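The structure under discussion appears below in the form of structure tokens.
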Amino acid sequence: MHSLPYWRLSGFYFFHFAVIGAFVPYWSLYLQSLSFSALQIGILMSLLLVTRIFAPTAWGWLADHTGRRVMVVQLAALGGFVCFIGFFFGQSFAWIFLAMLLMSFCWSAALPLIEAVTLSHLGDKTDRYGQIRSWGSVGFILAVVGMGYLLDAAEIIWLLWVVLALKLGILVFSRSIPETEVIGGSVDQDSIRQVCQRPEVLAFLVSSLLMVFAHGVYYTFYSIYLVEQGYDKGFVGWLWAIGVICEIGVFFIMPWLMQRFSLKLILVFSFACASVRFLMIGWGVEWVAVIIFAQVLHAITYGAHHVAAIMVVHHFFHGRHQAKGQTIYTSVAYGMGGTLGAVLSGYTWDGLGAEITFTISAVSALLGMMLVVWKMNGVKR
């Protein structure tokens with residue numbers, strides 16, 4: 001463990017999630033400032049996720065076959081930085097669509113591969129994963145709060161400059177992370193297709209899709225929803241931060257939780273909390289206390305679910321399947337699930353209203369919970 005590149009991995013997570021904190025909550029406001037409709041905003045935001053259907057798997061296969069996962073991360077970081085510059089050169093729907101598509105294709109490669117690299121560096125000390133990943137949450141908090149206050153005092157165009165600077169941080173740290181050995185042997189000699197066809201693996205992947213689908217409206221319209229209800233952007237930033245602050249706490253207690261509860265039980269609880277959370281957001285927006293408590297639940301619906309899901313992927317996919325397993329999980333959950341959630345919310349937001357749209361998310365989380373209870377057996381730790 002003396003060779004663990006703790007700060008270099010932590011720094012990468014910090015800047016990666018700082019980009020998310022500055023970009024995801026406020027990018028819809030930038031798109032709204034360009035006079036795009038709700039459907040157009042939903043389509044554009046879905047590109048952050050639709051590329052995850054195919055891009056991570058392609059990057060993952062390249063990384064596993066070359067055995068140089070960090071090199072692939074560096075290439076993707078450079079591509080994402082260069083593509084983001086494109087936003088400074090046009091504001092039409094077609095131009096923004098193209099720039100987001102290219103940027104997202106590169107950006108989608110980084111996280112699943114870094115997850116695999118981090119777990120490889122940790123070896124049998126995977127319980128330390130939360131400590132490293134928590135720095136990503138710190139980056140998110142600083143970015144989302146700072147961006148909220150900045151946009152209260154400055155023009156929305158400053159969002160582009162801040163995100164560009166943070167993407168440069170990703171590029172710099174990607175070049176400092178050492179490669180780690182990919183162990184080819186495995187107690188499981190099944191092909192990647194055979195692993196994915198197991199009932200418990202299919203149940204996990206589909207339930208993950210349903211969970212991210214449920215969060216689609218949250219990541220696409222939450223900031224717009226609150227601003228339209230009279231909340232100022234600085235407070236909206238703090239609401240995003242509250243959830244991630246609680247998430248950090250969960251990351252640090254996850255080793256304790258995983259020693260006492262099965263991964264299946266943690267997943268079930270996170271789905272149940274997600275169903276309650278989205279009902280609270282949809283029907284209780286006028287009560288500040290309700291919205292704050294709903295953000296506290298982010299610690300469970302994202303934090304606990306994410307760590308448990310990464311551990312389940314690590315449990316199901318071994319050896320040279322590690323990177324492919326992480327990218328398949330990302331493609332199914334964040335690619336397919338996130339895309340469907342963002343696009344559908346774009347249709348239902350204007351047609352059915354915010355309350356019904358968030359209710360659909362609550363039902364999706366409930367279905368995911370039922371699937372985990374029904375099919376995911378045998379996953380203890």
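Starting from 1 in every chain, residues are counted up; chains themselves are A, B, ... following the order of the structure tokens, and ligands are numbered from 1 as listed.
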Which neighbours of region 329-342 of chain A fall inside 6 Å, counting only C-alpha atoms, when residues of the same chain fewer than 2 positions from it are skipped, and could you give them as a compact mmCIF listing (two decimals) with N, CA and C atoms, in the first residue's frame?
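Contents of around_14.txt, as written:
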```txt
# COMPACT_ATOMS: atom_id res chain seq x y z
N GLY A 42 -33.74 19.08 -22.94
CA GLY A 42 -33.71 17.66 -22.58
C GLY A 42 -32.86 16.84 -23.53
N SER A 46 -29.31 15.14 -22.59
CA SER A 46 -29.24 13.68 -22.72
C SER A 46 -27.98 13.23 -23.44
N LEU A 49 -25.33 11.70 -21.57
CA LEU A 49 -25.61 10.33 -21.15
C LEU A 49 -25.70 9.36 -22.33
N VAL A 50 -26.24 9.84 -23.48
CA VAL A 50 -26.43 8.92 -24.60
C VAL A 50 -25.10 8.38 -25.11
N ARG A 52 -22.73 7.57 -23.31
CA ARG A 52 -22.31 6.52 -22.39
C ARG A 52 -22.90 5.16 -22.75
N ILE A 53 -23.80 5.12 -23.71
CA ILE A 53 -24.34 3.83 -24.14
C ILE A 53 -23.27 3.04 -24.89
N SER A 208 -29.85 -0.82 -12.04
CA SER A 208 -29.01 0.38 -12.10
C SER A 208 -29.52 1.33 -13.17
N LEU A 209 -29.96 0.77 -14.29
CA LEU A 209 -30.58 1.60 -15.34
C LEU A 209 -31.78 2.34 -14.79
N VAL A 212 -30.70 5.30 -12.41
CA VAL A 212 -30.20 6.48 -13.11
C VAL A 212 -31.32 7.13 -13.92
N PHE A 213 -32.21 6.33 -14.50
CA PHE A 213 -33.39 6.86 -15.17
C PHE A 213 -34.18 7.75 -14.22
N GLY A 216 -32.83 11.18 -13.94
CA GLY A 216 -32.73 11.95 -15.17
C GLY A 216 -33.34 13.34 -15.06
N VAL A 217 -34.56 13.42 -14.54
CA VAL A 217 -35.22 14.72 -14.40
C VAL A 217 -34.49 15.59 -13.39
N GLN A 326 -16.70 -2.29 -15.65
CA GLN A 326 -17.01 -0.92 -15.25
C GLN A 326 -17.65 -0.15 -16.40
N THR A 327 -17.15 -0.33 -17.61
CA THR A 327 -17.70 0.41 -18.74
C THR A 327 -19.07 -0.12 -19.16
N LEU A 344 -37.12 11.57 -21.71
CA LEU A 344 -38.52 11.45 -21.29
C LEU A 344 -38.94 12.64 -20.44
N SER A 345 -38.05 13.09 -19.55
CA SER A 345 -38.41 14.24 -18.72
C SER A 345 -38.59 15.49 -19.58
```
Env of Ser28 (chain A): 8 Å cut, atoms = only C-alpha atoms, seq-sep filter 3 positions within chain, self excluded. Answer as a PDB file with all heavy atoms, in the first residue's frame.
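Ended up saving to around-v7.pdb:
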```pdb
ATOM      1  N   VAL A  24     -23.138  20.373 -14.762  1.00  0.00           N
ATOM      2  CA  VAL A  24     -24.462  19.741 -14.809  1.00  0.00           C
ATOM      3  C   VAL A  24     -25.569  20.592 -14.189  1.00  0.00           C
ATOM      4  O   VAL A  24     -26.624  20.772 -14.799  1.00  0.00           O
ATOM      5  CB  VAL A  24     -24.403  18.336 -14.160  1.00  0.00           C
ATOM      6  CG1 VAL A  24     -25.805  17.729 -14.071  1.00  0.00           C
ATOM      7  CG2 VAL A  24     -23.487  17.422 -14.967  1.00  0.00           C
ATOM      8  N   PRO A  25     -25.401  21.157 -12.975  1.00  0.00           N
ATOM      9  CA  PRO A  25     -26.502  21.925 -12.390  1.00  0.00           C
ATOM     10  C   PRO A  25     -26.837  23.211 -13.145  1.00  0.00           C
ATOM     11  O   PRO A  25     -27.975  23.688 -13.078  1.00  0.00           O
ATOM     12  CB  PRO A  25     -26.001  22.250 -10.978  1.00  0.00           C
ATOM     13  CG  PRO A  25     -24.910  21.274 -10.716  1.00  0.00           C
ATOM     14  CD  PRO A  25     -24.277  21.040 -12.043  1.00  0.00           C
ATOM     15  N   LEU A  31     -28.271  26.840 -21.472  1.00  0.00           N
ATOM     16  CA  LEU A  31     -29.059  26.487 -22.651  1.00  0.00           C
ATOM     17  C   LEU A  31     -30.363  27.272 -22.686  1.00  0.00           C
ATOM     18  O   LEU A  31     -30.823  27.703 -23.752  1.00  0.00           O
ATOM     19  CB  LEU A  31     -29.344  24.983 -22.658  1.00  0.00           C
ATOM     20  CG  LEU A  31     -28.115  24.060 -22.741  1.00  0.00           C
ATOM     21  CD1 LEU A  31     -28.536  22.601 -22.676  1.00  0.00           C
ATOM     22  CD2 LEU A  31     -27.298  24.344 -24.003  1.00  0.00           C
ATOM     23  N   GLN A  32     -30.965  27.476 -21.516  1.00  0.00           N
ATOM     24  CA  GLN A  32     -32.181  28.273 -21.436  1.00  0.00           C
ATOM     25  C   GLN A  32     -31.903  29.717 -21.861  1.00  0.00           C
ATOM     26  O   GLN A  32     -32.744  30.362 -22.497  1.00  0.00           O
ATOM     27  CB  GLN A  32     -32.741  28.232 -20.017  1.00  0.00           C
ATOM     28  CG  GLN A  32     -34.126  28.839 -19.861  1.00  0.00           C
ATOM     29  CD  GLN A  32     -34.606  28.773 -18.426  1.00  0.00           C
ATOM     30  OE1 GLN A  32     -33.880  29.132 -17.498  1.00  0.00           O
ATOM     31  NE2 GLN A  32     -35.826  28.282 -18.219  1.00  0.00           N
ATOM     32  N   ILE A  41     -33.619  21.360 -24.563  1.00  0.00           N
ATOM     33  CA  ILE A  41     -32.715  21.246 -23.417  1.00  0.00           C
ATOM     34  C   ILE A  41     -32.592  19.793 -22.985  1.00  0.00           C
ATOM     35  O   ILE A  41     -31.502  19.295 -22.691  1.00  0.00           O
ATOM     36  CB  ILE A  41     -33.203  22.122 -22.250  1.00  0.00           C
ATOM     37  CG1 ILE A  41     -33.075  23.607 -22.613  1.00  0.00           C
ATOM     38  CG2 ILE A  41     -32.402  21.830 -20.967  1.00  0.00           C
ATOM     39  CD1 ILE A  41     -33.698  24.545 -21.608  1.00  0.00           C
ATOM     40  N   MET A  45     -29.082  17.840 -22.989  1.00  0.00           N
ATOM     41  CA  MET A  45     -28.570  17.284 -21.737  1.00  0.00           C
ATOM     42  C   MET A  45     -28.438  15.766 -21.815  1.00  0.00           C
ATOM     43  O   MET A  45     -27.565  15.168 -21.176  1.00  0.00           O
ATOM     44  CB  MET A  45     -29.460  17.690 -20.569  1.00  0.00           C
ATOM     45  CG  MET A  45     -29.452  19.182 -20.256  1.00  0.00           C
ATOM     46  SD  MET A  45     -27.825  19.822 -19.784  1.00  0.00           S
ATOM     47  CE  MET A  45     -27.642  19.106 -18.142  1.00  0.00           C
ATOM     48  N   THR A 220     -31.472  17.134 -15.060  1.00  0.00           N
ATOM     49  CA  THR A 220     -31.814  17.972 -16.206  1.00  0.00           C
ATOM     50  C   THR A 220     -32.572  19.236 -15.817  1.00  0.00           C
ATOM     51  O   THR A 220     -32.282  20.321 -16.316  1.00  0.00           O
ATOM     52  CB  THR A 220     -32.653  17.171 -17.224  1.00  0.00           C
ATOM     53  OG1 THR A 220     -31.959  15.977 -17.578  1.00  0.00           O
ATOM     54  CG2 THR A 220     -32.891  17.993 -18.499  1.00  0.00           C
ATOM     55  N   PHE A 221     -33.548  19.109 -14.903  1.00  0.00           N
ATOM     56  CA  PHE A 221     -34.455  20.223 -14.656  1.00  0.00           C
ATOM     57  C   PHE A 221     -34.502  20.720 -13.209  1.00  0.00           C
ATOM     58  O   PHE A 221     -35.234  21.656 -12.912  1.00  0.00           O
ATOM     59  CB  PHE A 221     -35.882  19.843 -15.083  1.00  0.00           C
ATOM     60  CG  PHE A 221     -36.050  19.723 -16.574  1.00  0.00           C
ATOM     61  CD1 PHE A 221     -36.204  18.484 -17.166  1.00  0.00           C
ATOM     62  CD2 PHE A 221     -36.038  20.850 -17.375  1.00  0.00           C
ATOM     63  CE1 PHE A 221     -36.354  18.369 -18.540  1.00  0.00           C
ATOM     64  CE2 PHE A 221     -36.192  20.751 -18.750  1.00  0.00           C
ATOM     65  CZ  PHE A 221     -36.352  19.508 -19.336  1.00  0.00           C
ATOM     66  N   SER A 223     -32.423  22.463 -11.251  1.00  0.00           N
ATOM     67  CA  SER A 223     -32.060  23.870 -11.058  1.00  0.00           C
ATOM     68  C   SER A 223     -33.102  24.802 -11.674  1.00  0.00           C
ATOM     69  O   SER A 223     -33.490  25.810 -11.072  1.00  0.00           O
ATOM     70  CB  SER A 223     -30.679  24.152 -11.658  1.00  0.00           C
ATOM     71  OG  SER A 223     -29.666  23.464 -10.956  1.00  0.00           O
ATOM     72  N   ILE A 224     -33.554  24.467 -12.884  1.00  0.00           N
ATOM     73  CA  ILE A 224     -34.591  25.272 -13.530  1.00  0.00           C
ATOM     74  C   ILE A 224     -35.851  25.285 -12.675  1.00  0.00           C
ATOM     75  O   ILE A 224     -36.483  26.337 -12.474  1.00  0.00           O
ATOM     76  CB  ILE A 224     -34.906  24.715 -14.940  1.00  0.00           C
ATOM     77  CG1 ILE A 224     -33.721  24.966 -15.880  1.00  0.00           C
ATOM     78  CG2 ILE A 224     -36.178  25.342 -15.513  1.00  0.00           C
ATOM     79  CD1 ILE A 224     -33.904  24.383 -17.262  1.00  0.00           C
TER      80      ILE A 224
END
```
Can you work out the spacing between CA of Leu44 (chain A) and CA of Gly346 (chain A) in Å, to one decimal?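 CA of Leu44 (chain A) sits 10.0 Å away from CA of Gly346 (chain A).
Minimum atom-to-atom distance to Phe84 (chain A), evaluated using only C-alpha atoms, belongs to A:Val19 out of A:Leu9, A:Val19, A:Cys246, A:Leu122.
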Could you name the residues that touch Ile177 (chain A) at 8 Å or less, counting only C-alpha atoms, but leaving out those on the same chain fewer than 4 positions away, as a short mmCIF file (atom, residue, chain, number, x, y, z; two decimals) with all heavy atoms, in the first residue's frame?
```cif
data_model
loop_
_atom_site.label_atom_id
_atom_site.label_comp_id
_atom_site.auth_asym_id
_atom_site.auth_seq_id
_atom_site.Cartn_x
_atom_site.Cartn_y
_atom_site.Cartn_z
N PRO A 5 -0.96 5.75 -5.17
CA PRO A 5 -0.89 7.18 -5.54
C PRO A 5 -2.15 7.91 -5.06
O PRO A 5 -2.94 8.41 -5.86
CB PRO A 5 -0.81 7.12 -7.07
CG PRO A 5 -1.56 5.89 -7.43
CD PRO A 5 -1.30 4.89 -6.31
N ARG A 8 -2.73 11.66 -6.19
CA ARG A 8 -2.90 11.80 -7.64
C ARG A 8 -4.27 11.29 -8.08
O ARG A 8 -4.95 11.91 -8.91
CB ARG A 8 -1.77 11.08 -8.37
CG ARG A 8 -0.45 11.84 -8.33
CD ARG A 8 0.70 11.06 -8.91
NE ARG A 8 1.21 10.08 -7.95
CZ ARG A 8 2.22 9.25 -8.19
NH1 ARG A 8 2.82 9.28 -9.37
NH2 ARG A 8 2.63 8.41 -7.27
N LEU A 9 -4.69 10.16 -7.52
CA LEU A 9 -6.04 9.66 -7.81
C LEU A 9 -7.09 10.61 -7.25
O LEU A 9 -8.08 10.93 -7.91
CB LEU A 9 -6.22 8.26 -7.21
CG LEU A 9 -5.42 7.13 -7.87
CD1 LEU A 9 -5.47 5.87 -7.02
CD2 LEU A 9 -5.96 6.84 -9.27
N VAL A 70 -4.56 3.97 -18.15
CA VAL A 70 -4.28 5.38 -17.84
C VAL A 70 -4.00 6.16 -19.13
O VAL A 70 -4.42 7.31 -19.27
CB VAL A 70 -3.10 5.51 -16.86
CG1 VAL A 70 -2.74 6.98 -16.65
CG2 VAL A 70 -3.47 4.88 -15.51
N PHE A 173 -3.92 16.19 -14.07
CA PHE A 173 -3.83 15.07 -13.13
C PHE A 173 -3.85 13.72 -13.84
O PHE A 173 -3.27 12.74 -13.33
CB PHE A 173 -4.96 15.15 -12.10
CG PHE A 173 -4.58 15.93 -10.87
CD1 PHE A 173 -4.83 17.29 -10.80
CD2 PHE A 173 -3.96 15.31 -9.79
CE1 PHE A 173 -4.47 18.02 -9.67
CE2 PHE A 173 -3.59 16.03 -8.66
CZ PHE A 173 -3.84 17.39 -8.60
#
```
From the DSSP assignment of the backbone, select every residue of region 74-296 of chain A that is alpha helix (DSSP H), and format the answer as a PyMOL selection string. chain A and resi 74-84+93-122+129-153+158-174+192-196+199-228+233-260+263-283+288-296
Find the residues near Met254 (chain A): any atom within 12 Å, counting only C-alpha atoms, skip ones fewer than 3 places away on the same chain, and give them as a PyMOL selection string. chain A and resi 126-131+133-134+247-251+257-263+266+299-300+303-308+311+381
C-alpha atoms of the current selection, written as a tab-separated table (two decimals), in the first residue's frame:
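selection_31.tsv, written as the output of this step:
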```tsv
chain	number	residue	atom	x	y	z
A	126	THR	CA	-11.07	-1.79	-1.52
A	127	ASP	CA	-12.67	-0.41	1.65
A	128	ARG	CA	-10.42	2.65	1.15
A	129	TYR	CA	-12.17	3.45	-2.13
A	130	GLY	CA	-14.60	5.82	-0.39
A	131	GLN	CA	-11.75	7.89	1.07
A	133	ARG	CA	-13.69	9.04	-4.05
A	134	SER	CA	-14.75	11.54	-1.37
A	247	GLU	CA	-22.61	11.97	0.40
A	248	ILE	CA	-19.04	12.49	1.67
A	249	GLY	CA	-20.11	11.31	5.11
A	250	VAL	CA	-21.57	8.15	3.60
A	251	PHE	CA	-18.35	7.47	1.67
A	257	LEU	CA	-21.82	-0.35	6.65
A	258	MET	CA	-20.50	-3.03	4.29
A	259	GLN	CA	-19.16	-5.02	7.24
A	260	ARG	CA	-22.61	-5.08	8.84
A	261	PHE	CA	-25.01	-5.14	5.90
A	262	SER	CA	-24.97	-6.99	2.59
A	263	LEU	CA	-24.50	-5.05	-0.63
A	266	ILE	CA	-27.70	-1.40	0.91
A	299	ALA	CA	-26.26	10.62	0.41
A	300	ILE	CA	-28.21	7.37	0.09
A	303	GLY	CA	-23.56	7.96	-2.40
A	304	ALA	CA	-24.46	4.60	-0.87
A	305	HIS	CA	-25.87	3.26	-4.14
A	306	HIS	CA	-22.74	4.26	-6.08
A	307	VAL	CA	-20.24	2.63	-3.70
A	308	ALA	CA	-22.35	-0.53	-3.39
A	311	MET	CA	-18.33	-3.10	-5.33
A	381	ARG	CA	-19.70	-8.23	0.27
```
Coordinates-based distance that separates CA of Phe14 (chain A) from CA of Leu62 (chain A) (Å, one decimal):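 Separation between CA of Leu62 (chain A) and CA of Phe14 (chain A): 25.1 Å.
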My list of candidates is A:Asn377, A:Gln91, A:Met71, A:Gly146. Which is closest to Ser35 (chain A) when distances are computed with only C-alpha atoms? A:Gln91
Do you know which residues are at most 12 Å from Ser176 (chain A) counting only C-alpha atoms, after dropping those on the same chain fewer than 2 positions away, and could you put them as a ChimeraX atom specification? /A:5-12,70-71,73-74,169-174,178-179
For CA of Ile245 (chain A) and CA of Leu371 (chain A), quote the distance in Å rounded to one decimal. 29.4 Å
Rank nothing, just name the residue among A:Tyr222, A:Phe54, A:Tyr149, A:Trp27 nearest to Phe235 (chain A), using only C-alpha atoms.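 Of A:Tyr222, A:Phe54, A:Tyr149, A:Trp27, the one nearest Phe235 (chain A), counting only C-alpha atoms, is A:Tyr149.
Remark: for Trp240 (chain A), the closest of the candidate residues A:Ile328, A:Ala94, A:Met100, A:Val144 is A:Val144 (distances computed over only C-alpha atoms).
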Can you work out which one of A:Phe358, A:Tyr13, A:Phe269, A:Trp287 has the shortest atom-to-atom distance to Gly136 (chain A), counting only C-alpha atoms?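 So, comparing all the options, the nearest one is A:Tyr13.
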